[in-house]
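Contents: one structure, followed by commentary.
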Amino acid sequence: MNKIYFDHAATTPISKDVLNHMFRILEKNYGNPSSIHQLGQSSRALIENSRRQIAKAINSSSKEIFFTSGGTESNNIIIKNLLQPGDHLITSTIEHPAILKPAEDLAQNGIEVSYVKPNKYGIIEPQKIEKEIKKNTKLISIMMVNNEMGTINPLEEISLIKNNILLHTDAVQAFGKIPLDVSKIGIDLLSLSGHKFYGPKGVGILYKKNNVFLRGLITGGGQEQEICAGTENVAGISSIGLAAENIIKDFGKNKSLLNELTDYLINSLKNHDVNFVINGKNRVPGLLNISFPKMLGQNLMINLDLHGIAVSYGAACSSGTPKPPRVLLETGIESNLAKSSIRVSFGKDNTKEEINYFVNSLVSILSKELKNV
Ligand SMILES: Cc1ncc(COP(=O)(O)O)c(C=O)c1O
């Protein structure tokens with residue numbers, strides 16, 4: 001069992017109060033929300049309360065919030081349902097596979113897809129998107145924060161150049177780390193995932209502006225206005241609302257802690273004369289993609305794991321493959337530097353003592369592994 005968890009971009013541990021809340025609901029609120037009797041209606045009330053909590057957290061109307069099974073489903077519903085053959089989609093090369101794979105599927109079915117590359121700092125520039133806009137462009141989908149580098153994309157600026165084109169953002173890595181106000185940013189559609197902000201896995205959010213028409217990928221009982229048919233995951237849905245409320249309440253506190261831990265790590269590495277490069281600029285608090293030249297990131301991750309520290313090499317979903325992280329290569333960095341990277345992502349319960357242990361372990365691993373290089 002890992003003792004130190006520095007992999008919050010992969011997933012966050014569920015917070016205690018959310019877990020207790022979820023247990024209570026699983027036990028007591030078993031009524032089907034579509035049932036007319038009181039047990040059913042108490043489940044319905046939990047769902048509607050969660051919808052209001054999420055709406056408040058992102059400054060939308062609760063009518064614009066829909067529950068799904070996660071970020072992947074929200075992204076798929078949006079990408080696969082809004083576009084018809086002949087339409088054009090603009091996205092970026094650094095999106096999560098939950099955008100890139102459905103985009104590939106669309107391209108096989110007569111939809112034009114343009115991929116914008118990031119600049120060398122890992123940021124998608126609005127001018128590059130503007131250049132790709134055509135008469136048939138129907139949707140622009142650009143992630144708010146990149147999951148491997150933590151870089152923040154200028155969504156507000158992108159929304160200014162989009163005209164009548166729909167703008168979607170995968171904000172799975174952004175929520176709770178940077179302010180997210182859908183009205184202010186000017187986005188039409190957005191995806192979130194509960195397990196990235198101390199909520200349960202398997203529950204996601206799809207925000208869509210009232211004027212956007214969408215249907216889900218599966219048909220059935222018509223729940224969630226046919227966007228996510230099937231009996232609702234009442235405990236998960238109610239818990240994601242509580243998790244969202246908590247993360248907004250603690251926003252300032254978490255932000256200063258994560259910034260403090262990030263600075264502390266960087267200073268400790270410098271004080272120990274560690275040779276390192278941070279990939280990407282303009283990042284969310286607490287997420288660092290760091291290359292340690294000449295050390296293979298994959299080996300470093302495994303060695304740190306043996307010291308009881310969990311970090312990742314590339315994104316969690318691509319770890320296990322020894323290739324250099326694709327997203328880093330997109331920024332133009334040299335393949336060896338990309339291969340020597342790890343992703344460290346802090347959470348609300350991490351401490352400076354844990355960072356001290358991490359840096360000591362890292363120094364000892366690097367000195368052993370790089371002895372013969
Ligand atoms: C940017 C981004 N989008 C989408 C997802 C997928 O979300 P979920 O795991 O809820 O399907 C992730 C998860 O790693 C992510 O980081």
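The way I read the labels, and the way they are meant: chains A, B, ... in the order of the structure tokens, residue 1 as the first residue of every chain, and ligand 1 as the first ligand shown, with later ones counted on from there.
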
| request: List the neighbours of Glu64 of chain A out to 9 Å using only C-alpha atoms; skip same-chain residues closer than 6 positions along the sequence, and give me the result as a PyMOL selection string. | output: chain A and resi 51+55+206-210

Emit the selected residues as a compact mmCIF listing (two decimals), in the first residue's frame, including N, CA and C atoms.
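The result, stored in result.txt:
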```txt
# COMPACT_ATOMS: atom_id res chain seq x y z
N ARG A 51 -28.09 18.85 -8.30
CA ARG A 51 -28.08 19.66 -9.52
C ARG A 51 -27.93 21.15 -9.15
N ALA A 55 -24.81 23.58 -10.11
CA ALA A 55 -25.11 24.82 -10.85
C ALA A 55 -24.50 26.01 -10.11
N LEU A 206 -22.36 16.94 -17.09
CA LEU A 206 -22.37 17.56 -18.41
C LEU A 206 -23.16 18.85 -18.24
N TYR A 207 -22.51 19.96 -18.51
CA TYR A 207 -23.22 21.23 -18.53
C TYR A 207 -23.50 21.58 -19.98
N LYS A 208 -24.73 21.95 -20.28
CA LYS A 208 -25.01 22.47 -21.62
C LYS A 208 -25.94 23.67 -21.49
N LYS A 209 -25.64 24.69 -22.26
CA LYS A 209 -26.50 25.88 -22.26
C LYS A 209 -27.89 25.47 -22.70
N ASN A 210 -28.89 26.13 -22.19
CA ASN A 210 -30.28 25.77 -22.49
C ASN A 210 -30.60 25.64 -23.97
```

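Looking only at segment 122-198 of chain A, the set that DSSP places in helix (DSSP H, G or I) from backbone geometry is A:Pro126, A:Gln127, A:Lys128, A:Ile129, A:Glu130, A:Lys131, A:Glu132, A:Leu155, A:Glu156, A:Glu157, A:Ile158, A:Ser159, A:Leu160, A:Ile161, A:Val182, A:Ser183, A:Lys184, A:Ile185, A:Gly194, A:His195, A:Lys196.
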
Using the selection just defined, write its residues with N, CA and C atoms as an mmCIF file, in the first residue's frame.
```
data_model
loop_
_atom_site.group_PDB
_atom_site.id
_atom_site.type_symbol
_atom_site.label_atom_id
_atom_site.label_comp_id
_atom_site.auth_asym_id
_atom_site.auth_seq_id
_atom_site.Cartn_x
_atom_site.Cartn_y
_atom_site.Cartn_z
ATOM 1 N N PRO A 126 -5.346 31.002 -29.026
ATOM 2 C CA PRO A 126 -6.591 31.302 -29.733
ATOM 3 C C PRO A 126 -6.384 31.608 -31.215
ATOM 4 N N GLN A 127 -5.274 32.288 -31.547
ATOM 5 C CA GLN A 127 -5.034 32.635 -32.964
ATOM 6 C C GLN A 127 -4.948 31.387 -33.829
ATOM 7 N N LYS A 128 -4.379 30.315 -33.269
ATOM 8 C CA LYS A 128 -4.252 29.079 -34.058
ATOM 9 C C LYS A 128 -5.632 28.467 -34.293
ATOM 10 N N ILE A 129 -6.514 28.618 -33.327
ATOM 11 C CA ILE A 129 -7.885 28.106 -33.495
ATOM 12 C C ILE A 129 -8.595 28.943 -34.553
ATOM 13 N N GLU A 130 -8.441 30.249 -34.438
ATOM 14 C CA GLU A 130 -9.099 31.174 -35.371
ATOM 15 C C GLU A 130 -8.744 30.834 -36.816
ATOM 16 N N LYS A 131 -7.477 30.482 -37.043
ATOM 17 C CA LYS A 131 -7.019 30.155 -38.407
ATOM 18 C C LYS A 131 -7.725 28.924 -38.968
ATOM 19 N N GLU A 132 -8.174 28.029 -38.078
ATOM 20 C CA GLU A 132 -8.799 26.771 -38.522
ATOM 21 C C GLU A 132 -10.296 26.903 -38.786
ATOM 22 N N LEU A 155 -9.488 29.890 -22.261
ATOM 23 C CA LEU A 155 -10.846 29.637 -22.765
ATOM 24 C C LEU A 155 -11.638 30.919 -22.983
ATOM 25 N N GLU A 156 -11.420 31.896 -22.091
ATOM 26 C CA GLU A 156 -12.175 33.148 -22.215
ATOM 27 C C GLU A 156 -11.830 33.836 -23.544
ATOM 28 N N GLU A 157 -10.550 33.802 -23.893
ATOM 29 C CA GLU A 157 -10.135 34.409 -25.174
ATOM 30 C C GLU A 157 -10.658 33.599 -26.352
ATOM 31 N N ILE A 158 -10.659 32.283 -26.193
ATOM 32 C CA ILE A 158 -11.165 31.428 -27.286
ATOM 33 C C ILE A 158 -12.651 31.724 -27.511
ATOM 34 N N SER A 159 -13.377 31.949 -26.418
ATOM 35 C CA SER A 159 -14.816 32.195 -26.560
ATOM 36 C C SER A 159 -15.078 33.515 -27.317
ATOM 37 N N LEU A 160 -14.116 34.424 -27.295
ATOM 38 C CA LEU A 160 -14.308 35.706 -27.981
ATOM 39 C C LEU A 160 -14.173 35.591 -29.500
ATOM 40 N N ILE A 161 -13.498 34.524 -29.964
ATOM 41 C CA ILE A 161 -13.300 34.416 -31.417
ATOM 42 C C ILE A 161 -14.227 33.387 -32.064
ATOM 43 N N VAL A 182 -19.132 29.459 -15.848
ATOM 44 C CA VAL A 182 -19.464 29.224 -17.258
ATOM 45 C C VAL A 182 -20.002 30.478 -17.958
ATOM 46 N N SER A 183 -20.716 31.315 -17.220
ATOM 47 C CA SER A 183 -21.285 32.512 -17.857
ATOM 48 C C SER A 183 -20.167 33.486 -18.194
ATOM 49 N N LYS A 184 -19.235 33.624 -17.275
ATOM 50 C CA LYS A 184 -18.140 34.581 -17.479
ATOM 51 C C LYS A 184 -17.228 34.111 -18.612
ATOM 52 N N ILE A 185 -16.944 32.806 -18.636
ATOM 53 C CA ILE A 185 -16.004 32.296 -19.643
ATOM 54 C C ILE A 185 -16.654 32.257 -21.029
ATOM 55 N N GLY A 194 -16.417 13.508 -11.075
ATOM 56 C CA GLY A 194 -16.460 13.547 -9.610
ATOM 57 C C GLY A 194 -15.183 13.098 -8.923
ATOM 58 N N HIS A 195 -14.496 12.111 -9.522
ATOM 59 C CA HIS A 195 -13.355 11.552 -8.788
ATOM 60 C C HIS A 195 -12.107 12.423 -8.845
ATOM 61 N N LYS A 196 -12.184 13.581 -9.537
ATOM 62 C CA LYS A 196 -11.027 14.485 -9.558
ATOM 63 C C LYS A 196 -11.154 15.563 -8.483
#
```

| said: To check your reading of the model: which residues sit at most 8 Å from ligand 1 when counting only C-alpha atoms and all ligand atoms? Write the answer as a PyMOL selection string. | reply: chain A and resi 9-11+69-73+75+95-99+143+145-148+170-173+191-196+201-204+315-317

Kindly save the residues from that selection, with N, CA and C atoms included, as a short mmCIF file (atom, residue, chain, number, x, y, z; two decimals), in the first residue's frame.
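Generated output (selection-v6.cif):
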```cif
data_model
loop_
_atom_site.label_atom_id
_atom_site.label_comp_id
_atom_site.auth_asym_id
_atom_site.auth_seq_id
_atom_site.Cartn_x
_atom_site.Cartn_y
_atom_site.Cartn_z
N ALA A 9 -3.91 14.02 -9.94
CA ALA A 9 -4.44 14.28 -11.28
C ALA A 9 -5.02 12.99 -11.86
N ALA A 10 -4.55 11.84 -11.36
CA ALA A 10 -5.11 10.56 -11.82
C ALA A 10 -6.47 10.34 -11.16
N THR A 11 -6.49 10.54 -9.87
CA THR A 11 -7.76 10.47 -9.12
C THR A 11 -7.49 10.97 -7.71
N SER A 69 -21.92 9.19 -16.34
CA SER A 69 -21.09 8.22 -15.61
C SER A 69 -19.65 8.71 -15.47
N GLY A 70 -19.32 9.91 -15.95
CA GLY A 70 -17.95 10.40 -15.78
C GLY A 70 -17.57 11.37 -16.88
N GLY A 71 -16.33 11.83 -16.81
CA GLY A 71 -15.83 12.77 -17.81
C GLY A 71 -15.84 12.14 -19.20
N THR A 72 -15.52 10.86 -19.28
CA THR A 72 -15.46 10.19 -20.59
C THR A 72 -16.84 10.20 -21.25
N GLU A 73 -17.87 9.87 -20.48
CA GLU A 73 -19.21 9.84 -21.09
C GLU A 73 -19.65 11.25 -21.48
N ASN A 75 -17.85 13.78 -22.38
CA ASN A 75 -17.14 14.16 -23.62
C ASN A 75 -17.71 13.43 -24.83
N GLU A 95 -5.54 16.93 -26.13
CA GLU A 95 -6.75 16.54 -25.39
C GLU A 95 -6.57 15.15 -24.77
N HIS A 96 -7.42 14.86 -23.82
CA HIS A 96 -7.48 13.52 -23.22
C HIS A 96 -8.03 12.55 -24.28
N PRO A 97 -7.67 11.25 -24.20
CA PRO A 97 -8.24 10.28 -25.14
C PRO A 97 -9.78 10.28 -25.17
N ALA A 98 -10.40 10.76 -24.09
CA ALA A 98 -11.87 10.80 -24.07
C ALA A 98 -12.42 11.84 -25.05
N ILE A 99 -11.56 12.65 -25.64
CA ILE A 99 -11.93 13.54 -26.75
C ILE A 99 -11.31 13.00 -28.04
N MET A 143 -9.60 21.60 -24.05
CA MET A 143 -9.59 21.33 -22.61
C MET A 143 -9.18 22.58 -21.82
N VAL A 145 -7.74 22.59 -18.69
CA VAL A 145 -6.42 22.34 -18.09
C VAL A 145 -5.93 21.00 -18.60
N ASN A 146 -4.68 20.96 -19.03
CA ASN A 146 -4.14 19.70 -19.53
C ASN A 146 -3.82 18.76 -18.36
N ASN A 147 -4.18 17.51 -18.53
CA ASN A 147 -4.03 16.53 -17.44
C ASN A 147 -2.59 16.08 -17.21
N GLU A 148 -1.70 16.26 -18.19
CA GLU A 148 -0.32 15.78 -17.99
C GLU A 148 0.62 16.89 -17.54
N ASP A 170 -13.39 20.42 -21.85
CA ASP A 170 -13.21 19.33 -20.90
C ASP A 170 -12.51 19.97 -19.70
N ALA A 171 -13.30 20.21 -18.64
CA ALA A 171 -12.76 20.93 -17.49
C ALA A 171 -12.48 19.99 -16.33
N VAL A 172 -12.30 18.70 -16.67
CA VAL A 172 -12.10 17.67 -15.63
C VAL A 172 -10.94 18.01 -14.70
N GLN A 173 -9.85 18.57 -15.25
CA GLN A 173 -8.67 18.86 -14.41
C GLN A 173 -8.68 20.28 -13.87
N SER A 191 -17.51 19.46 -19.46
CA SER A 191 -17.51 18.13 -18.82
C SER A 191 -16.72 18.18 -17.51
N LEU A 192 -17.25 17.49 -16.50
CA LEU A 192 -16.55 17.37 -15.21
C LEU A 192 -16.61 15.92 -14.74
N SER A 193 -15.73 15.58 -13.82
CA SER A 193 -15.71 14.22 -13.30
C SER A 193 -15.54 14.23 -11.78
N GLY A 194 -16.42 13.51 -11.07
CA GLY A 194 -16.46 13.55 -9.61
C GLY A 194 -15.18 13.10 -8.92
N HIS A 195 -14.50 12.11 -9.52
CA HIS A 195 -13.35 11.55 -8.79
C HIS A 195 -12.11 12.42 -8.85
N LYS A 196 -12.18 13.58 -9.54
CA LYS A 196 -11.03 14.49 -9.56
C LYS A 196 -11.15 15.56 -8.48
N LYS A 201 -15.94 7.86 -7.91
CA LYS A 201 -15.69 7.52 -9.32
C LYS A 201 -17.00 7.09 -9.97
N GLY A 202 -17.05 7.20 -11.31
CA GLY A 202 -18.24 6.74 -12.03
C GLY A 202 -19.39 7.73 -12.03
N VAL A 203 -19.12 8.99 -11.68
CA VAL A 203 -20.16 10.02 -11.77
C VAL A 203 -19.55 11.26 -12.44
N GLY A 204 -20.23 11.77 -13.42
CA GLY A 204 -19.72 12.95 -14.12
C GLY A 204 -20.82 13.97 -14.31
N ALA A 315 0.05 10.31 -18.30
CA ALA A 315 -1.27 10.24 -17.67
C ALA A 315 -1.48 8.83 -17.14
N ALA A 316 -2.37 8.70 -16.15
CA ALA A 316 -2.61 7.37 -15.56
C ALA A 316 -3.03 6.38 -16.63
N CYS A 317 -3.85 6.82 -17.58
CA CYS A 317 -4.38 5.88 -18.57
C CYS A 317 -3.32 5.44 -19.56
#
```

| task | Tell me, as a PyMOL selection string, which residues lie within 12 Å of Ala45 of chain A, counting only C-alpha atoms; anything in the same chain fewer than 3 positions away does not count. | result | chain A and resi 29+31-36+38-42+48-52+234-235+237-238

Selection export as a PDB file, in the first residue's frame, atoms kept: C-alpha atoms:
```pdb
ATOM      1  CA  ASN A  29     -32.399   6.241  -0.031  1.00  0.00           C
ATOM      2  CA  GLY A  31     -36.117   4.407  -3.782  1.00  0.00           C
ATOM      3  CA  ASN A  32     -36.121   4.744  -7.557  1.00  0.00           C
ATOM      4  CA  PRO A  33     -36.185   8.497  -8.302  1.00  0.00           C
ATOM      5  CA  SER A  34     -38.807   7.868 -10.998  1.00  0.00           C
ATOM      6  CA  SER A  35     -41.210   6.289  -8.489  1.00  0.00           C
ATOM      7  CA  ILE A  36     -44.099   8.440  -7.322  1.00  0.00           C
ATOM      8  CA  GLN A  38     -42.277   8.995  -0.923  1.00  0.00           C
ATOM      9  CA  LEU A  39     -39.169   6.822  -1.040  1.00  0.00           C
ATOM     10  CA  GLY A  40     -38.828   7.509  -4.744  1.00  0.00           C
ATOM     11  CA  GLN A  41     -39.440  11.212  -4.282  1.00  0.00           C
ATOM     12  CA  SER A  42     -36.807  11.483  -1.537  1.00  0.00           C
ATOM     13  CA  GLU A  48     -32.323  17.854  -7.711  1.00  0.00           C
ATOM     14  CA  ASN A  49     -30.434  19.204  -4.719  1.00  0.00           C
ATOM     15  CA  SER A  50     -27.151  18.009  -6.223  1.00  0.00           C
ATOM     16  CA  ARG A  51     -28.078  19.663  -9.524  1.00  0.00           C
ATOM     17  CA  ARG A  52     -28.516  22.957  -7.674  1.00  0.00           C
ATOM     18  CA  VAL A 234     -28.535   8.405  -6.604  1.00  0.00           C
ATOM     19  CA  ALA A 235     -25.722   7.979  -4.055  1.00  0.00           C
ATOM     20  CA  ILE A 237     -25.043  11.944  -7.873  1.00  0.00           C
ATOM     21  CA  SER A 238     -25.874  13.236  -4.426  1.00  0.00           C
TER      22      SER A 238
END
```

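When only C-alpha atoms are used to compute distances to Asn164 of chain A, the closest of the residues A:Ile178, A:Lys138, A:Met149, A:Lys323 turns out to be A:Lys138.
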
| task | Rank A:Ala103, A:Ser114, A:Ile58, A:Gly150 by their smallest atom-to-atom distance to Arg343 of chain A, using only C-alpha atoms, and report the top residue only. | result |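 Nearest to Arg343 of chain A: A:Gly150.
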
| query | With distances taken over only C-alpha atoms, which of A:Gly252, A:Pro118, A:Gly314, A:Gly110 is nearest to Ser92 of chain A? | reply | A:Pro118

| query | Hey, what's within 12 Å of segment 293-304 of chain A if we count only C-alpha atoms and toss same-chain stuff fewer than 6 positions away? As a PyMOL selection string, please? | reply | chain A and resi 2-7+274-278+310-316+318-325+334-344+357-373

Output file for the residues above (N, CA and C atoms, as a short mmCIF file (atom, residue, chain, number, x, y, z; two decimals), in the first residue's frame):
```cif
data_model
loop_
_atom_site.label_atom_id
_atom_site.label_comp_id
_atom_site.auth_asym_id
_atom_site.auth_seq_id
_atom_site.Cartn_x
_atom_site.Cartn_y
_atom_site.Cartn_z
N ASN A 2 0.61 2.21 -0.92
CA ASN A 2 1.39 3.44 -0.94
C ASN A 2 1.09 4.29 0.29
N LYS A 3 2.16 4.92 0.82
CA LYS A 3 1.94 5.75 1.99
C LYS A 3 1.81 7.22 1.59
N ILE A 4 2.51 7.59 0.51
CA ILE A 4 2.45 9.00 0.10
C ILE A 4 1.81 9.08 -1.27
N TYR A 5 0.73 9.84 -1.36
CA TYR A 5 -0.03 9.90 -2.61
C TYR A 5 0.16 11.26 -3.28
N PHE A 6 0.95 11.25 -4.36
CA PHE A 6 1.18 12.48 -5.14
C PHE A 6 0.65 12.27 -6.56
N ASP A 7 -0.54 11.70 -6.68
CA ASP A 7 -1.08 11.41 -8.01
C ASP A 7 -2.55 11.84 -8.11
N VAL A 274 19.44 19.03 -7.46
CA VAL A 274 18.88 18.05 -8.41
C VAL A 274 18.76 18.73 -9.78
N ASN A 275 19.14 18.00 -10.82
CA ASN A 275 19.01 18.53 -12.18
C ASN A 275 17.59 18.23 -12.66
N PHE A 276 16.78 19.26 -12.86
CA PHE A 276 15.40 19.01 -13.28
C PHE A 276 14.89 20.12 -14.19
N VAL A 277 13.87 19.77 -14.98
CA VAL A 277 13.24 20.74 -15.87
C VAL A 277 11.74 20.62 -15.66
N ILE A 278 11.06 21.75 -15.48
CA ILE A 278 9.59 21.69 -15.36
C ILE A 278 8.98 21.90 -16.74
N ALA A 310 3.46 7.41 -4.56
CA ALA A 310 2.75 7.23 -5.83
C ALA A 310 2.80 8.52 -6.66
N VAL A 311 3.46 8.44 -7.82
CA VAL A 311 3.42 9.53 -8.81
C VAL A 311 3.05 8.85 -10.13
N SER A 312 3.04 9.60 -11.24
CA SER A 312 2.79 8.87 -12.48
C SER A 312 3.76 9.28 -13.57
N TYR A 313 3.83 8.41 -14.55
CA TYR A 313 4.63 8.68 -15.75
C TYR A 313 3.62 8.92 -16.85
N GLY A 314 3.51 10.16 -17.34
CA GLY A 314 2.45 10.48 -18.29
C GLY A 314 1.13 10.43 -17.55
N ALA A 315 0.05 10.31 -18.30
CA ALA A 315 -1.27 10.24 -17.67
C ALA A 315 -1.48 8.83 -17.14
N ALA A 316 -2.37 8.70 -16.15
CA ALA A 316 -2.61 7.37 -15.56
C ALA A 316 -3.03 6.38 -16.63
N SER A 318 -2.19 6.19 -19.68
CA SER A 318 -1.17 5.75 -20.62
C SER A 318 0.05 5.17 -19.91
N SER A 319 0.06 5.22 -18.55
CA SER A 319 1.18 4.62 -17.82
C SER A 319 1.17 3.13 -18.13
N GLY A 320 2.32 2.52 -18.12
CA GLY A 320 2.37 1.11 -18.49
C GLY A 320 2.97 0.99 -19.88
N THR A 321 2.95 2.09 -20.66
CA THR A 321 3.59 2.06 -21.98
C THR A 321 4.91 2.81 -21.86
N PRO A 322 6.00 2.22 -22.32
CA PRO A 322 7.30 2.87 -22.13
C PRO A 322 7.58 4.02 -23.11
N LYS A 323 6.59 4.36 -23.97
CA LYS A 323 6.81 5.44 -24.94
C LYS A 323 6.88 6.79 -24.22
N PRO A 324 7.54 7.80 -24.83
CA PRO A 324 7.52 9.12 -24.20
C PRO A 324 6.10 9.66 -24.18
N PRO A 325 5.71 10.38 -23.12
CA PRO A 325 4.34 10.89 -23.06
C PRO A 325 4.03 11.76 -24.30
N GLU A 334 12.33 17.48 -26.65
CA GLU A 334 13.12 16.36 -27.15
C GLU A 334 12.63 15.06 -26.50
N SER A 335 12.63 13.98 -27.29
CA SER A 335 12.06 12.72 -26.85
C SER A 335 12.69 12.21 -25.53
N ASN A 336 14.02 12.35 -25.40
CA ASN A 336 14.67 11.85 -24.18
C ASN A 336 14.24 12.61 -22.93
N LEU A 337 14.02 13.92 -23.12
CA LEU A 337 13.58 14.72 -21.98
C LEU A 337 12.14 14.33 -21.61
N ALA A 338 11.34 14.07 -22.64
CA ALA A 338 9.95 13.64 -22.38
C ALA A 338 9.95 12.30 -21.64
N LYS A 339 10.85 11.41 -22.07
CA LYS A 339 10.92 10.08 -21.44
C LYS A 339 11.41 10.15 -20.00
N SER A 340 12.08 11.26 -19.65
CA SER A 340 12.63 11.34 -18.29
C SER A 340 11.68 12.09 -17.35
N SER A 341 10.41 12.21 -17.75
CA SER A 341 9.48 13.00 -16.94
C SER A 341 8.63 12.13 -16.00
N ILE A 342 8.22 12.76 -14.93
CA ILE A 342 7.15 12.17 -14.10
C ILE A 342 6.14 13.28 -13.81
N ARG A 343 4.92 12.86 -13.47
CA ARG A 343 3.90 13.86 -13.08
C ARG A 343 3.67 13.74 -11.59
N VAL A 344 3.84 14.87 -10.89
CA VAL A 344 3.61 14.92 -9.44
C VAL A 344 2.38 15.80 -9.25
N TYR A 357 10.35 13.68 2.43
CA TYR A 357 10.59 12.25 2.23
C TYR A 357 10.73 11.94 0.73
N PHE A 358 9.88 12.57 -0.07
CA PHE A 358 9.92 12.38 -1.52
C PHE A 358 11.28 12.83 -2.08
N VAL A 359 11.72 14.02 -1.67
CA VAL A 359 12.97 14.56 -2.23
C VAL A 359 14.16 13.68 -1.78
N ASN A 360 14.15 13.26 -0.53
CA ASN A 360 15.25 12.37 -0.07
C ASN A 360 15.26 11.07 -0.85
N SER A 361 14.09 10.50 -1.06
CA SER A 361 13.99 9.24 -1.82
C SER A 361 14.47 9.47 -3.25
N LEU A 362 14.03 10.58 -3.82
CA LEU A 362 14.39 10.90 -5.21
C LEU A 362 15.91 11.05 -5.35
N VAL A 363 16.51 11.78 -4.42
CA VAL A 363 17.96 12.00 -4.48
C VAL A 363 18.68 10.66 -4.40
N SER A 364 18.22 9.79 -3.52
CA SER A 364 18.90 8.48 -3.38
C SER A 364 18.69 7.64 -4.65
N ILE A 365 17.49 7.65 -5.22
CA ILE A 365 17.25 6.88 -6.46
C ILE A 365 18.11 7.43 -7.60
N LEU A 366 18.12 8.76 -7.75
CA LEU A 366 18.87 9.36 -8.86
C LEU A 366 20.36 9.06 -8.71
N SER A 367 20.89 9.13 -7.47
CA SER A 367 22.33 8.91 -7.32
C SER A 367 22.69 7.46 -7.65
N LYS A 368 21.81 6.53 -7.31
CA LYS A 368 22.08 5.11 -7.64
C LYS A 368 21.95 4.87 -9.14
N GLU A 369 20.82 5.35 -9.69
CA GLU A 369 20.50 5.03 -11.09
C GLU A 369 21.42 5.75 -12.08
N LEU A 370 21.87 6.96 -11.70
CA LEU A 370 22.66 7.74 -12.68
C LEU A 370 24.17 7.54 -12.52
N LYS A 371 24.54 6.66 -11.55
CA LYS A 371 25.97 6.44 -11.27
C LYS A 371 26.74 5.99 -12.52
N ASN A 372 26.08 5.11 -13.27
CA ASN A 372 26.80 4.52 -14.41
C ASN A 372 26.50 5.18 -15.75
N VAL A 373 25.76 6.31 -15.70
CA VAL A 373 25.38 6.92 -17.00
C VAL A 373 26.52 7.80 -17.51
#
```

| field | All strand (DSSP E) positions in segment 213-301 of chain A, as a PyMOL selection string | value | chain A and resi 277-279+287-291

Just N, CA and C atoms for this one: save the residues we selected as a PDB file, in the first residue's frame.
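And here's selection27.pdb as it stands now:
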```
ATOM      1  N   VAL A 277      13.875  19.770 -14.979  1.00  0.00           N
ATOM      2  CA  VAL A 277      13.242  20.742 -15.874  1.00  0.00           C
ATOM      3  C   VAL A 277      11.736  20.622 -15.664  1.00  0.00           C
ATOM      4  N   ILE A 278      11.055  21.746 -15.480  1.00  0.00           N
ATOM      5  CA  ILE A 278       9.590  21.686 -15.357  1.00  0.00           C
ATOM      6  C   ILE A 278       8.983  21.901 -16.741  1.00  0.00           C
ATOM      7  N   ASN A 279       8.117  21.001 -17.132  1.00  0.00           N
ATOM      8  CA  ASN A 279       7.492  21.090 -18.459  1.00  0.00           C
ATOM      9  C   ASN A 279       6.174  21.850 -18.379  1.00  0.00           C
ATOM     10  N   LEU A 287       0.141  20.823  -9.666  1.00  0.00           N
ATOM     11  CA  LEU A 287       0.430  19.801 -10.690  1.00  0.00           C
ATOM     12  C   LEU A 287       1.730  20.168 -11.412  1.00  0.00           C
ATOM     13  N   LEU A 288       2.701  19.268 -11.304  1.00  0.00           N
ATOM     14  CA  LEU A 288       4.012  19.534 -11.903  1.00  0.00           C
ATOM     15  C   LEU A 288       4.451  18.363 -12.753  1.00  0.00           C
ATOM     16  N   ASN A 289       4.812  18.655 -13.981  1.00  0.00           N
ATOM     17  CA  ASN A 289       5.402  17.627 -14.829  1.00  0.00           C
ATOM     18  C   ASN A 289       6.897  17.934 -14.867  1.00  0.00           C
ATOM     19  N   ILE A 290       7.693  17.030 -14.297  1.00  0.00           N
ATOM     20  CA  ILE A 290       9.123  17.334 -14.130  1.00  0.00           C
ATOM     21  C   ILE A 290       9.967  16.293 -14.850  1.00  0.00           C
ATOM     22  N   SER A 291      10.948  16.762 -15.628  1.00  0.00           N
ATOM     23  CA  SER A 291      11.911  15.842 -16.241  1.00  0.00           C
ATOM     24  C   SER A 291      13.193  15.847 -15.418  1.00  0.00           C
TER      25      SER A 291
END
```

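Excluding segment 212-218 of chain A itself and any same-chain residue fewer than 6 positions from it, the protein and nucleic acid residues within 6 Å of it, counting only C-alpha atoms, are Ile77, Glu226, Ile227 and Cys228 of chain A.
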
| request: Could you give me, as a PyMOL selection string, the residues within 7 Å of segment 326-332 of chain A, counting only C-alpha atoms and dropping anything in the same chain fewer than 5 positions from it? | output: chain A and resi 94+117-122+338
